[in-house]
>>> print(open('protein04.pdb').read())   # PDB, C-alpha atoms
ATOM      1  CA  MET Q 162      39.459  22.549  -1.061
ATOM      2  CA  THR Q 163      37.627  25.875  -1.038
ATOM      3  CA  LEU Q 164      37.474  28.251   1.900
ATOM      4  CA  GLU Q 165      33.823  27.453   2.564
ATOM      5  CA  GLU Q 166      34.474  23.706   2.397
ATOM      6  CA  ALA Q 167      37.358  24.021   4.875
ATOM      7  CA  ARG Q 168      35.236  26.081   7.259
ATOM      8  CA  ASP Q 169      32.317  23.625   7.048
ATOM      9  CA  ARG Q 170      34.657  20.713   7.652
ATOM     10  CA  LEU Q 171      36.075  22.403  10.747
ATOM     11  CA  VAL Q 172      32.571  23.104  12.057
ATOM     12  CA  LYS Q 173      31.575  19.485  11.463
ATOM     13  CA  SER Q 174      34.487  18.348  13.676
ATOM     14  CA  VAL Q 175      32.678  19.706  16.732
ATOM     15  CA  GLY Q 176      30.320  16.724  16.620
ATOM     16  CA  GLN Q 177      33.090  14.198  15.952
ATOM     17  CA  GLN Q 178      35.793  12.510  18.004
ATOM     18  CA  SER Q 179      38.089  15.546  17.947
ATOM     19  CA  ALA Q 180      40.350  16.711  20.761
ATOM     20  CA  VAL Q 181      43.246  18.959  21.716
ATOM     21  CA  ASN Q 182      46.259  16.690  21.988
ATOM     22  CA  ALA Q 183      49.106  19.174  22.523
ATOM     23  CA  ILE Q 184      49.918  22.797  23.263
ATOM     24  CA  VAL Q 185      52.725  24.567  21.410
ATOM     25  CA  MET Q 186      54.574  27.401  23.131
ATOM     26  CA  ALA Q 187      56.288  29.982  20.893
ATOM     27  CA  SER Q 188      59.022  32.208  22.270
ATOM     28  CA  GLN Q 189      61.161  34.933  20.760
ATOM     29  CA  VAL Q 190      64.727  34.386  21.947
ATOM     30  CA  ASN Q 191      67.524  36.665  20.691
ATOM     31  CA  GLY Q 192      65.265  37.910  17.914
ATOM     32  CA  GLU Q 193      64.397  34.435  16.615
ATOM     33  CA  TYR Q 194      61.360  32.267  17.227
ATOM     34  CA  ARG Q 195      61.727  28.984  19.063
ATOM     35  CA  PHE Q 196      58.933  26.455  19.399
ATOM     36  CA  ALA Q 197      58.329  23.741  21.984
ATOM     37  CA  HIS Q 198      55.414  21.468  22.734
ATOM     38  CA  ALA Q 199      53.742  20.150  25.837
ATOM     39  CA  ASN Q 200      51.437  17.168  25.977
ATOM     40  CA  VAL Q 201      47.999  17.520  27.525
ATOM     41  CA  SER Q 202      47.084  15.194  30.368
ATOM     42  CA  PRO Q 203      43.685  13.446  30.353
ATOM     43  CA  ASN Q 204      42.352  15.648  33.146
ATOM     44  CA  VAL Q 205      42.967  18.776  31.037
ATOM     45  CA  VAL Q 206      42.077  17.473  27.552
ATOM     46  CA  THR Q 207      38.358  17.852  28.214
ATOM     47  CA  ASP Q 208      38.694  21.497  29.245
ATOM     48  CA  PHE Q 209      40.913  22.524  26.317
ATOM     49  CA  THR Q 210      38.760  20.614  23.837
ATOM     50  CA  SER Q 211      35.586  22.160  25.235
ATOM     51  CA  ASP Q 212      37.084  25.648  24.805
ATOM     52  CA  VAL Q 213      38.079  24.949  21.187
ATOM     53  CA  LYS Q 214      34.699  23.504  20.243
ATOM     54  CA  ALA Q 215      32.891  26.416  21.910
ATOM     55  CA  PHE Q 216      35.027  28.844  19.901
ATOM     56  CA  ILE Q 217      34.253  27.031  16.640
ATOM     57  CA  ARG Q 218      30.530  27.008  17.385
ATOM     58  CA  ALA Q 219      30.418  30.670  18.436
ATOM     59  CA  SER Q 220      32.919  32.302  16.071
ATOM     60  CA  VAL Q 221      33.430  30.031  13.042
ATOM     61  CA  ALA Q 222      30.072  28.398  12.337
ATOM     62  CA  GLY Q 223      27.901  30.752  10.305
ATOM     63  CA  ALA Q 224      30.453  33.574  10.275
ATOM     64  CA  ARG Q 225      30.604  35.869   7.257
ATOM     65  CA  LEU Q 226      34.004  35.460   5.598
ATOM     66  CA  ARG Q 227      35.929  38.314   4.018
ATOM     67  CA  PRO Q 228      39.569  38.776   2.977
ATOM     68  CA  TYR Q 229      42.037  40.158   5.519
ATOM     69  CA  GLU Q 230      42.444  43.901   5.215
ATOM     70  CA  PRO Q 231      44.663  46.046   7.463
ATOM     71  CA  ALA Q 232      42.716  48.427   9.690
ATOM     72  CA  TYR Q 233      39.439  46.562   9.187
ATOM     73  CA  LYS Q 234      37.833  45.490  12.446
ATOM     74  CA  PRO Q 235      35.533  42.485  11.945
ATOM     75  CA  ASP Q 236      32.006  42.607  13.270
ATOM     76  CA  ASP Q 237      31.075  39.958  15.815
ATOM     77  CA  ASP Q 238      29.661  37.739  13.063
ATOM     78  CA  GLU Q 239      32.646  38.101  10.715
ATOM     79  CA  LEU Q 240      35.956  36.320  10.241
ATOM     80  CA  LEU Q 241      38.776  37.571   8.060
ATOM     81  CA  TYR Q 242      40.824  35.030   6.141
ATOM     82  CA  LEU Q 243      44.137  34.531   4.401
ATOM     83  CA  GLU Q 244      45.014  31.730   2.019
ATOM     84  CA  LEU Q 245      48.410  30.418   3.101
ATOM     85  CA  ALA Q 246      49.404  29.601  -0.487
ATOM     86  CA  ARG Q 247      49.303  33.357  -1.134
ATOM     87  CA  ALA Q 248      50.844  34.366   2.198
ATOM     88  CA  SER Q 249      54.057  32.341   2.263
ATOM     89  CA  ASP Q 250      55.513  34.632   4.946
ATOM     90  CA  LEU Q 251      53.169  32.982   7.448
ATOM     91  CA  LYS Q 252      54.429  29.460   6.856
ATOM     92  CA  SER Q 253      57.435  29.962   9.143
ATOM     93  CA  TYR Q 254      54.854  30.173  11.956
ATOM     94  CA  THR Q 255      52.192  27.728  10.809
ATOM     95  CA  ASP Q 256      54.422  24.885   9.585
ATOM     96  CA  PRO Q 257      56.341  24.226  12.862
ATOM     97  CA  VAL Q 258      53.224  24.213  15.046
ATOM     98  CA  ALA Q 259      51.269  21.892  12.739
ATOM     99  CA  LYS Q 260      53.317  18.883  13.918
ATOM    100  CA  PRO Q 261      53.978  19.450  17.621
ATOM    101  CA  SER Q 262      55.467  15.989  18.200
ATOM    102  CA  GLY Q 263      58.433  17.010  16.070
ATOM    103  CA  LEU Q 264      59.230  19.947  18.349
ATOM    104  CA  PRO Q 265      61.370  19.933  21.514
ATOM    105  CA  VAL Q 266      59.549  19.398  24.790
ATOM    106  CA  PHE Q 267      58.770  22.619  26.625
ATOM    107  CA  ASP Q 268      61.119  22.855  29.624
ATOM    108  CA  ASP Q 269      59.903  26.198  31.124
ATOM    109  CA  SER Q 270      63.456  27.605  31.214
ATOM    110  CA  LYS Q 271      63.619  31.267  32.199
ATOM    111  CA  GLY Q 272      64.887  32.477  28.837
ATOM    112  CA  PHE Q 273      62.121  30.701  26.942
ATOM    113  CA  VAL Q 274      59.364  31.809  29.325
ATOM    114  CA  ASP Q 275      60.585  35.420  29.295
ATOM    115  CA  GLY Q 276      60.147  35.548  25.522
ATOM    116  CA  LEU Q 277      56.751  33.841  25.221
ATOM    117  CA  ARG Q 278      54.734  35.368  22.382
ATOM    118  CA  PHE Q 279      51.889  33.004  21.624
ATOM    119  CA  THR Q 280      50.476  29.545  22.260
ATOM    120  CA  VAL Q 281      48.831  27.127  19.848
ATOM    121  CA  ALA Q 282      46.247  24.480  20.679
ATOM    122  CA  ASN Q 283      46.744  21.524  18.341
ATOM    123  CA  TYR Q 284      43.242  20.262  17.634
ATOM    124  CA  ARG Q 285      43.149  16.804  16.051
ATOM    125  CA  THR Q 286      40.069  16.051  13.935
ATOM    126  CA  PRO Q 287      39.152  13.120  11.639
ATOM    127  CA  GLY Q 288      39.660  15.465   8.700
ATOM    128  CA  GLY Q 289      43.064  16.804   9.747
ATOM    129  CA  ASN Q 290      44.672  18.920  12.436
ATOM    130  CA  ALA Q 291      43.795  22.539  13.170
ATOM    131  CA  SER Q 292      46.049  25.061  14.921
ATOM    132  CA  LEU Q 293      44.388  27.642  17.150
ATOM    133  CA  PHE Q 294      46.630  30.620  17.961
ATOM    134  CA  ARG Q 295      46.404  32.796  21.056
ATOM    135  CA  ARG Q 296      48.562  35.777  21.977
ATOM    136  CA  TYR Q 297      50.510  35.156  25.173
ATOM    137  CA  SER Q 298      52.801  37.042  27.520
ATOM    138  CA  PRO Q 299      54.969  36.077  30.498
ATOM    139  CA  SER Q 300      52.501  37.862  32.796
ATOM    140  CA  LYS Q 301      50.164  34.887  32.275
ATOM    141  CA  GLU Q 302      52.665  32.702  34.093
ATOM    142  CA  LEU Q 303      51.241  32.970  37.585
ATOM    143  CA  THR Q 304      54.495  33.381  39.493
ATOM    144  CA  ARG Q 305      55.421  36.306  37.200
ATOM    145  CA  SER Q 306      52.112  38.109  37.667
ATOM    146  CA  ARG Q 307      52.106  41.542  39.321
ATOM    147  CA  PHE Q 308      50.046  39.885  42.040
ATOM    148  CA  ARG Q 309      51.863  38.113  44.821
ATOM    149  CA  SER Q 310      51.240  34.352  44.586
ATOM    150  CA  VAL Q 311      50.761  32.600  47.923
ATOM    151  CA  VAL Q 312      48.985  29.466  49.122
ATOM    152  CA  PHE Q 313      47.140  29.022  52.383
ATOM    153  CA  GLU Q 314      48.211  25.881  54.212
ATOM    154  CA  GLY Q 315      47.654  24.954  57.839
ATOM    155  CA  GLY Q 316      46.736  28.471  58.902
ATOM    156  CA  THR Q 317      49.787  30.008  57.175
ATOM    157  CA  PHE Q 318      50.372  31.828  53.873
ATOM    158  CA  ASN Q 319      53.323  30.332  52.031
ATOM    159  CA  LYS Q 320      55.060  31.443  48.828
ATOM    160  CA  PHE Q 321      53.813  29.611  45.757
ATOM    161  CA  LYS Q 322      56.856  28.384  43.835
ATOM    162  CA  LYS Q 323      55.494  26.102  41.123
ATOM    163  CA  LYS Q 324      55.044  27.552  37.648
ATOM    164  CA  VAL Q 325      51.378  27.865  36.719
ATOM    165  CA  PHE Q 326      50.408  29.009  33.223
ATOM    166  CA  LEU Q 327      47.083  30.730  32.650
ATOM    167  CA  PHE Q 328      44.927  29.991  29.584
ATOM    168  CA  ASP Q 329      41.606  31.554  28.685
ATOM    169  CA  ASP Q 330      38.879  30.271  26.390
ATOM    170  CA  HIS Q 331      39.522  32.752  23.552
ATOM    171  CA  PHE Q 332      41.488  32.295  20.326
ATOM    172  CA  ASP Q 333      42.794  34.909  17.914
ATOM    173  CA  CYS Q 334      42.947  32.860  14.717
ATOM    174  CA  VAL Q 335      42.824  29.289  13.478
ATOM    175  CA  GLU Q 336      44.736  27.592  10.670
ATOM    176  CA  TYR Q 337      42.984  24.724   8.924
ATOM    177  CA  GLU Q 338      43.352  23.129   5.491
ATOM    178  CA  GLY Q 339      45.541  25.918   4.116
ATOM    179  CA  PHE Q 340      43.435  28.844   5.353
ATOM    180  CA  LEU Q 341      43.933  31.169   8.299
ATOM    181  CA  LEU Q 342      40.661  32.384   9.831
ATOM    182  CA  ILE Q 343      41.198  35.561  11.846
ATOM    183  CA  LYS Q 344      39.013  36.646  14.764
ATOM    184  CA  SER Q 345      41.245  39.276  16.398
ATOM    185  CA  VAL Q 346      43.023  41.387  13.772
ATOM    186  CA  GLY Q 347      45.250  43.210  16.270
ATOM    187  CA  ASN Q 348      46.485  40.028  17.936
ATOM    188  CA  PHE Q 349      46.931  38.307  14.561
ATOM    189  CA  GLU Q 350      49.136  41.178  13.369
ATOM    190  CA  TRP Q 351      51.128  41.049  16.616
ATOM    191  CA  ILE Q 352      51.575  37.255  16.584
ATOM    192  CA  PHE Q 353      52.664  37.048  12.958
ATOM    193  CA  GLY Q 354      54.856  40.136  12.934
ATOM    194  CA  TYR Q 355      52.573  42.109  10.645
ATOM    195  CA  VAL Q 356      53.050  45.284  12.674
ATOM    196  CA  ALA Q 357      56.506  45.858  11.167
ATOM    197  CA  GLN Q 358      55.204  45.030   7.687
ATOM    198  CA  LEU Q 359      52.291  47.439   8.074
ATOM    199  CA  HIS Q 360      54.693  50.155   9.195
ATOM    200  CA  ALA Q 361      56.832  49.644   6.079
ATOM    201  CA  LEU Q 362      53.752  49.763   3.813
ATOM    202  CA  ALA Q 363      52.527  52.898   5.580
ATOM    203  CA  GLN Q 364      55.844  54.639   4.958
ATOM    204  CA  ASP Q 365      55.559  53.890   1.238
ATOM    205  CA  VAL Q 366      52.022  55.292   1.149
ATOM    206  CA  ILE Q 367      53.160  58.424   2.991
ATOM    207  CA  LYS Q 368      55.613  59.089   0.142
ATOM    208  CA  ASP Q 369      52.813  58.759  -2.423
ATOM    209  CA  ILE Q 370      50.564  61.115  -0.440
ATOM    210  CA  ARG Q 371      53.343  63.696  -0.185
ATOM    211  CA  GLY Q 372      53.616  63.769  -3.962
ATOM    212  CA  ALA Q 373      49.873  63.803  -4.625
ATOM    213  CA  VAL Q 374      48.140  66.001  -2.021
ATOM    214  CA  PRO Q 375      49.726  69.097  -0.433
ATOM    215  CA  ILE Q 376      49.228  69.060   3.351
ATOM    216  CA  ALA Q 377      50.171  71.844   5.725
ATOM    217  CA  GLY Q 378      51.759  70.328   8.804
ATOM    218  CA  PHE Q 379      52.802  67.255   6.824
ATOM    219  CA  ALA Q 380      55.505  66.299   9.338
ATOM    220  CA  GLU Q 381      52.881  66.206  12.108
ATOM    221  CA  PHE Q 382      50.501  64.236   9.869
ATOM    222  CA  GLU Q 383      53.223  61.682   9.103
ATOM    223  CA  ALA Q 384      54.255  61.357  12.755
ATOM    224  CA  ALA Q 385      50.650  60.826  13.876
ATOM    225  CA  CYS Q 386      50.013  58.191  11.200
ATOM    226  CA  LEU Q 387      53.170  56.235  11.990
ATOM    227  CA  LYS Q 388      52.848  56.484  15.768
ATOM    228  CA  GLN Q 389      49.242  55.346  16.264
ATOM    229  CA  PRO Q 390      48.797  51.677  15.265
ATOM    230  CA  GLN Q 391      45.230  52.149  13.993
ATOM    231  CA  MET Q 392      46.286  55.013  11.725
ATOM    232  CA  THR Q 393      49.321  53.040  10.548
ATOM    233  CA  ALA Q 394      47.089  50.103   9.606
ATOM    234  CA  LYS Q 395      44.683  52.398   7.753
ATOM    235  CA  LEU Q 396      47.571  53.918   5.817
ATOM    236  CA  ALA Q 397      48.879  50.455   4.953
ATOM    237  CA  SER Q 398      45.445  49.474   3.637
ATOM    238  CA  LEU Q 399      45.780  52.214   1.004
ATOM    239  CA  ALA Q 400      48.777  50.439  -0.509
ATOM    240  CA  GLY Q 401      46.519  47.989  -2.324
ATOM    241  CA  ARG Q 402      44.022  50.559  -3.582
ATOM    242  CA  GLY Q 403      46.139  51.883  -6.468
ATOM    243  CA  TYR Q 404      44.563  55.347  -6.652
ATOM    244  CA  ILE Q 405      46.631  57.467  -4.256
ATOM    245  CA  THR Q 406      48.971  58.823  -6.933
ATOM    246  CA  SER Q 407      45.945  59.936  -8.982
ATOM    247  CA  LEU Q 408      44.512  62.032  -6.136
ATOM    248  CA  ASN Q 409      44.880  65.784  -6.063
ATOM    249  CA  LEU Q 410      43.843  68.741  -3.946
ATOM    250  CA  GLU Q 411      40.779  69.559  -6.033
ATOM    251  CA  LYS Q 412      39.275  66.082  -5.575
ATOM    252  CA  CYS Q 413      39.845  66.332  -1.812
ATOM    253  CA  LYS Q 414      38.253  69.794  -1.695
ATOM    254  CA  GLU Q 415      35.155  68.440  -3.431
ATOM    255  CA  ILE Q 416      34.733  65.776  -0.721
ATOM    256  CA  ILE Q 417      35.366  68.310   2.059
ATOM    257  CA  LYS Q 418      32.684  70.626   0.638
ATOM    258  CA  GLN Q 419      30.207  67.862  -0.163
ATOM    259  CA  PHE Q 420      30.326  66.403   3.359
ATOM    260  CA  ASP Q 421      30.928  69.713   5.144
ATOM    261  CA  LEU Q 422      34.079  68.373   6.823
ATOM    262  CA  PRO Q 423      35.973  70.594   9.291
ATOM    263  CA  ILE Q 424      39.208  70.547   7.287
ATOM    264  CA  GLU Q 425      40.725  73.953   6.535
ATOM    265  CA  VAL Q 426      42.288  74.776   3.179
ATOM    266  CA  VAL Q 427      45.162  77.188   3.782
ATOM    267  CA  SER Q 428      47.740  78.937   1.651
ATOM    268  CA  GLU Q 429      51.473  78.492   2.215
ATOM    269  CA  HIS Q 430      53.722  80.571   0.001
ATOM    270  CA  GLY Q 431      50.894  80.916  -2.480
ATOM    271  CA  ILE Q 432      50.170  77.131  -2.565
ATOM    272  CA  GLU Q 433      46.854  75.777  -1.348
ATOM    273  CA  LYS Q 434      47.096  72.926   1.149
ATOM    274  CA  LEU Q 435      44.895  70.872   3.457
ATOM    275  CA  GLN Q 436      45.592  71.827   7.068
ATOM    276  CA  PHE Q 437      46.317  68.848   9.326
ATOM    277  CA  ASP Q 438      44.698  69.231  12.741
ATOM    278  CA  PRO Q 439      46.344  67.026  15.425
ATOM    279  CA  ALA Q 440      43.385  67.316  17.820
ATOM    280  CA  PRO Q 441      42.157  63.795  18.715
ATOM    281  CA  GLU Q 442      38.696  64.390  17.248
ATOM    282  CA  ARG Q 443      40.100  65.674  13.920
ATOM    283  CA  ARG Q 444      43.447  63.968  13.306
ATOM    284  CA  TRP Q 445      41.738  61.190  11.317
ATOM    285  CA  LEU Q 446      39.870  63.458   8.899
ATOM    286  CA  ILE Q 447      42.452  63.867   6.123
ATOM    287  CA  LEU Q 448      43.304  60.178   6.268
ATOM    288  CA  LYS Q 449      39.617  59.276   5.957
ATOM    289  CA  VAL Q 450      39.259  61.559   2.934
ATOM    290  CA  LEU Q 451      42.256  59.896   1.290
ATOM    291  CA  ASP Q 452      40.764  56.470   2.049
ATOM    292  CA  ASP Q 453      37.481  57.490   0.390
ATOM    293  CA  ASP Q 454      35.522  56.823   3.581
ATOM    294  CA  PHE Q 455      32.771  59.303   2.779
ATOM    295  CA  LEU Q 456      30.037  57.959   0.510
ATOM    296  CA  ASN Q 457      26.689  59.004  -0.958
ATOM    297  CA  SER Q 458      23.746  56.642  -1.342
ATOM    298  CA  ASP Q 459      22.256  56.684  -4.842
ATOM    299  CA  LEU Q 460      19.063  55.235  -3.373
ATOM    300  CA  THR Q 461      18.384  57.665  -0.530
ATOM    301  CA  ASN Q 462      20.842  60.526  -1.220
ATOM    302  CA  ALA Q 463      21.998  60.017   2.370
ATOM    303  CA  ARG Q 464      25.672  60.533   3.214
ATOM    304  CA  TYR Q 465      27.712  57.927   5.068
ATOM    305  CA  GLU Q 466      31.100  57.329   6.602
ATOM    306  CA  SER Q 467      32.165  53.770   5.729
ATOM    307  CA  ASN Q 468      34.350  51.445   7.821
ATOM    308  CA  SER Q 469      35.425  49.518   4.709
ATOM    309  CA  LYS Q 470      34.476  49.025   1.110
ATOM    310  CA  VAL Q 471      34.004  45.670  -0.589
ATOM    311  CA  PRO Q 472      34.450  45.969  -4.380
ATOM    312  CA  ARG Q 473      31.515  44.720  -6.478
TER     313      ARG Q 473
END
>>> encode(input="protein04.pdb", output="structure tokens")
Amino acid sequence: MTLEEARDRLVKSVGQQSAVNAIVMASQVNGEYRFAHANVSPNVVTDFTSDVKAFIRASVAGARLRPYEPAYKPDDDELLYLELARASDLKSYTDPVAKPSGLPVFDDSKGFVDGLRFTVANYRTPGGNASLFRRYSPSKELTRSRFRSVVFEGGTFNKFKKKVFLFDDHFDCVEYEGFLLIKSVGNFEWIFGYVAQLHALAQDVIKDIRGAVPIAGFAEFEAACLKQPQMTAKLASLAGRGYITSLNLEKCKEIIKQFDLPIEVVSEHGIEKLQFDPAPERRWLILKVLDDDFLNSDLTNARYESNSKVPR
């Protein structure tokens, strides 16, 4: 089944007898993920199902599909995607939640609740089940909220002791027919542990940059890139480009001159280098030059800064 066929089939389910039949809770306990499921009572099924179908109508139907790329933020009408056959590292998350009845029953024990990371709505359709992921935290358990939970009964405020879990009507990504459709890149990366992977990729790219382009204040440049998640993701996206090692100072200077960028070229011990400026409005500049963000239009001769580039 192709990506487009899977998406169309999921959209078609909105008009069919489809419903959320279980919620999976995922918790990180002692560094390992544990999964449990909870059934959905009839008086809640309608609400959960309505939320899922609304999400599919608003965010999946008609969306432009493009491959997942670190640091790329989808427009409102876009979804990123991953094919699970080519992203086997995700199967340790997607496989357990696909069959919730085979999981232990959620018992809301303190240790499990303390480590809650995400929830999954299991959406049963005539064409197969879909799993809709949503980032979660213990603060969404009402009695753990920073607000004091009380009930008003008979003219008196009493402490509210029952556990109440809060769900919204948003979803970060959905797995269906072997494809993961991603709405929120940041939450997807957090749920599936991509943050650590992006950090490792970014460190490899930093080594390539060090050998290719001399930068004054390189230690500050490296620290900034590895500390700020958005810069880390942008660095990691360079890993798949394949051109970093072929860059040099002269190519960077051409871009700086062409686009009149406020990047200084300084001399250290007789060696020319790009000067890293840690000021918030300029710390991104060298990274954007290395990512080839600055483009000329052959049609209009206008100059642009691009969010991402789709090869043609």
>>> axis_aligned_box(input="protein04.pdb", around="segment 443-452 of chain Q", padding_each_side="4 Å", output="lines of an AutoDock Vina configuration file")
center_x = 41.4
center_y = 61.1
center_z = 7.6
size_x = 12.2
size_y = 17.2
size_z = 20.6
>>> residues_around(input="protein04.pdb", residues="Phe196 of chain Q", least_positions_apart="3", cutoff="8 Å", atoms="only C-alpha atoms", output="PyMOL selection string")
chain Q and resi 185-188+257-258+264-265
>>> closest_residue(input="protein04.pdb", among="Q:Asp454, Q:Glu383, Q:Val374, Q:Gly403", to="Glu433 of chain Q", atoms="all atoms listed in the file")
Q:Val374
>>> closest_atom_pairs(input="protein04.pdb", of="segment 311-413 of chain Q", to="segment 227-249 of chain Q", cutoff="6 Å", atoms="only C-alpha atoms", output="JSON lines")
{"residue": "Q:Gly339", "atom": "CA", "partner": "Q:Leu245", "partner_atom": "CA", "distance": 5.4}
{"residue": "Q:Phe340", "atom": "CA", "partner": "Q:Glu244", "partner_atom": "CA", "distance": 4.7}
{"residue": "Q:Leu341", "atom": "CA", "partner": "Q:Leu243", "partner_atom": "CA", "distance": 5.2}
{"residue": "Q:Leu342", "atom": "CA", "partner": "Q:Tyr242", "partner_atom": "CA", "distance": 4.5}
{"residue": "Q:Ile343", "atom": "CA", "partner": "Q:Leu241", "partner_atom": "CA", "distance": 4.9}
{"residue": "Q:Lys344", "atom": "CA", "partner": "Q:Leu240", "partner_atom": "CA", "distance": 5.5}
{"residue": "Q:Ala394", "atom": "CA", "partner": "Q:Ala232", "partner_atom": "CA", "distance": 4.7}
{"residue": "Q:Lys395", "atom": "CA", "partner": "Q:Ala232", "partner_atom": "CA", "distance": 4.8}
{"residue": "Q:Ser398", "atom": "CA", "partner": "Q:Pro231", "partner_atom": "CA", "distance": 5.2}
>>> resolve_selection(input="protein04.pdb", expression="the PyMOL selection byres ((chain Q and resi 211) around 12)", output="list of chain:residue names")
Q:Val175, Q:Gly176, Q:Ser179, Q:Ala180, Q:Val181, Q:Val205, Q:Val206, Q:Thr207, Q:Asp208, Q:Phe209, Q:Thr210, Q:Asp212, Q:Val213, Q:Lys214, Q:Ala215, Q:Phe216, Q:Ile217, Q:Arg218, Q:Ala282, Q:Tyr284, Q:Asp329, Q:Asp330, Q:His331
>>> resolve_selection(input="protein04.pdb", expression="the PyMOL selection byres ((chain Q and resi 266) around 9)", output="list in words")
Phe196, Ala197, His198, Ala199, Asn200, Ser262, Leu264, Pro265, Phe267 and Asp268 of chain Q
>>> resolve_selection(input="protein04.pdb", expression="the PyMOL selection byres ((chain Q and resi 348-353) around 8)", output="short mmCIF file (atom, residue, chain, number, x, y, z; two decimals) with C-alpha atoms, in the frame of the given file")
data_model
loop_
_atom_site.label_atom_id
_atom_site.label_comp_id
_atom_site.auth_asym_id
_atom_site.auth_seq_id
_atom_site.Cartn_x
_atom_site.Cartn_y
_atom_site.Cartn_z
CA LEU Q 251 53.17 32.98 7.45
CA TYR Q 254 54.85 30.17 11.96
CA ARG Q 278 54.73 35.37 22.38
CA PHE Q 279 51.89 33.00 21.62
CA ARG Q 295 46.40 32.80 21.06
CA ARG Q 296 48.56 35.78 21.98
CA ASP Q 333 42.79 34.91 17.91
CA CYS Q 334 42.95 32.86 14.72
CA ILE Q 343 41.20 35.56 11.85
CA SER Q 345 41.24 39.28 16.40
CA VAL Q 346 43.02 41.39 13.77
CA GLY Q 347 45.25 43.21 16.27
CA GLY Q 354 54.86 40.14 12.93
CA TYR Q 355 52.57 42.11 10.64
CA VAL Q 356 53.05 45.28 12.67
#
>>> residues_around(input="protein04.pdb", residues="Lys368 of chain Q", least_positions_apart="6", cutoff="12 Å", atoms="all atoms listed in the file", output="number ranges by chain")
Q: 361-362, 374-375, 379-380, 383, 396-397, 400, 405-406
>>> write_last_selection(input="protein04.pdb", atoms="C-alpha atoms", output="short mmCIF file (atom, residue, chain, number, x, y, z; two decimals), in the coordinates of the input")
data_model
loop_
_atom_site.label_atom_id
_atom_site.label_comp_id
_atom_site.auth_asym_id
_atom_site.auth_seq_id
_atom_site.Cartn_x
_atom_site.Cartn_y
_atom_site.Cartn_z
CA ALA Q 361 56.83 49.64 6.08
CA LEU Q 362 53.75 49.76 3.81
CA VAL Q 374 48.14 66.00 -2.02
CA PRO Q 375 49.73 69.10 -0.43
CA PHE Q 379 52.80 67.26 6.82
CA ALA Q 380 55.50 66.30 9.34
CA GLU Q 383 53.22 61.68 9.10
CA LEU Q 396 47.57 53.92 5.82
CA ALA Q 397 48.88 50.46 4.95
CA ALA Q 400 48.78 50.44 -0.51
CA ILE Q 405 46.63 57.47 -4.26
CA THR Q 406 48.97 58.82 -6.93
#
>>> closest_residue(input="protein04.pdb", among="Q:Val335, Q:Leu448, Q:Leu399, Q:Val172", to="Ala363 of chain Q", atoms="all atoms listed in the file")
Q:Leu399
>>> atom_distance(input="protein04.pdb", atom1="atom CA of Tyr297 of chain Q", atom2="atom CA of Leu277 of chain Q")
6.4 Å
>>> residues_near_point(input="protein04.pdb", point="(42.6, 19.7, 14.8)", cutoff="9 Å", atoms="only C-alpha atoms", output="count of residues only")
19
>>> atom_distance(input="protein04.pdb", atom1="atom CA of Pro390 of chain Q", atom2="atom CA of Phe437 of chain Q")
18.3 Å
>>> atom_distance(input="protein04.pdb", atom1="atom CA of Ser428 of chain Q", atom2="atom CA of Val450 of chain Q")
19.4 Å
>>> closest_residue(input="protein04.pdb", among="Q:Lys252, Q:Gln419, Q:Lys320, Q:Phe332", to="Ala219 of chain Q", atoms="only C-alpha atoms")
Q:Phe332
>>> residues_around(input="protein04.pdb", residues="Val190 of chain Q", least_positions_apart="5", cutoff="12 Å", atoms="all atoms listed in the file", output="ChimeraX atom specification")
/Q:195-196,270-278
>>> decode(input="protein04.pdb", residues="segment 269-277 of chain Q", atoms="N, CA and C atoms", output="PDB file, in the first residue's frame")
ATOM      1  N   ASP Q 269      -2.910   2.591  37.464  1.00  0.00           N
ATOM      2  CA  ASP Q 269      -2.626   3.928  38.011  1.00  0.00           C
ATOM      3  C   ASP Q 269      -1.725   3.908  39.250  1.00  0.00           C
ATOM      4  N   SER Q 270      -0.790   2.956  39.316  1.00  0.00           N
ATOM      5  CA  SER Q 270       0.167   2.943  40.427  1.00  0.00           C
ATOM      6  C   SER Q 270       1.054   4.178  40.345  1.00  0.00           C
ATOM      7  N   LYS Q 271       1.558   4.619  41.491  1.00  0.00           N
ATOM      8  CA  LYS Q 271       2.313   5.866  41.548  1.00  0.00           C
ATOM      9  C   LYS Q 271       3.532   5.831  40.635  1.00  0.00           C
ATOM     10  N   GLY Q 272       4.274   4.732  40.658  1.00  0.00           N
ATOM     11  CA  GLY Q 272       5.475   4.652  39.842  1.00  0.00           C
ATOM     12  C   GLY Q 272       5.181   4.781  38.363  1.00  0.00           C
ATOM     13  N   PHE Q 273       4.095   4.145  37.921  1.00  0.00           N
ATOM     14  CA  PHE Q 273       3.727   4.195  36.506  1.00  0.00           C
ATOM     15  C   PHE Q 273       3.260   5.600  36.130  1.00  0.00           C
ATOM     16  N   VAL Q 274       2.412   6.192  36.964  1.00  0.00           N
ATOM     17  CA  VAL Q 274       1.880   7.523  36.676  1.00  0.00           C
ATOM     18  C   VAL Q 274       2.994   8.561  36.684  1.00  0.00           C
ATOM     19  N   ASP Q 275       3.941   8.437  37.597  1.00  0.00           N
ATOM     20  CA  ASP Q 275       5.046   9.396  37.679  1.00  0.00           C
ATOM     21  C   ASP Q 275       5.864   9.427  36.393  1.00  0.00           C
ATOM     22  N   GLY Q 276       5.934   8.290  35.696  1.00  0.00           N
ATOM     23  CA  GLY Q 276       6.764   8.215  34.502  1.00  0.00           C
ATOM     24  C   GLY Q 276       6.016   8.336  33.192  1.00  0.00           C
ATOM     25  N   LEU Q 277       4.735   8.724  33.228  1.00  0.00           N
ATOM     26  CA  LEU Q 277       3.949   8.811  32.001  1.00  0.00           C
ATOM     27  C   LEU Q 277       4.614   9.700  30.956  1.00  0.00           C
TER      28      LEU Q 277
END
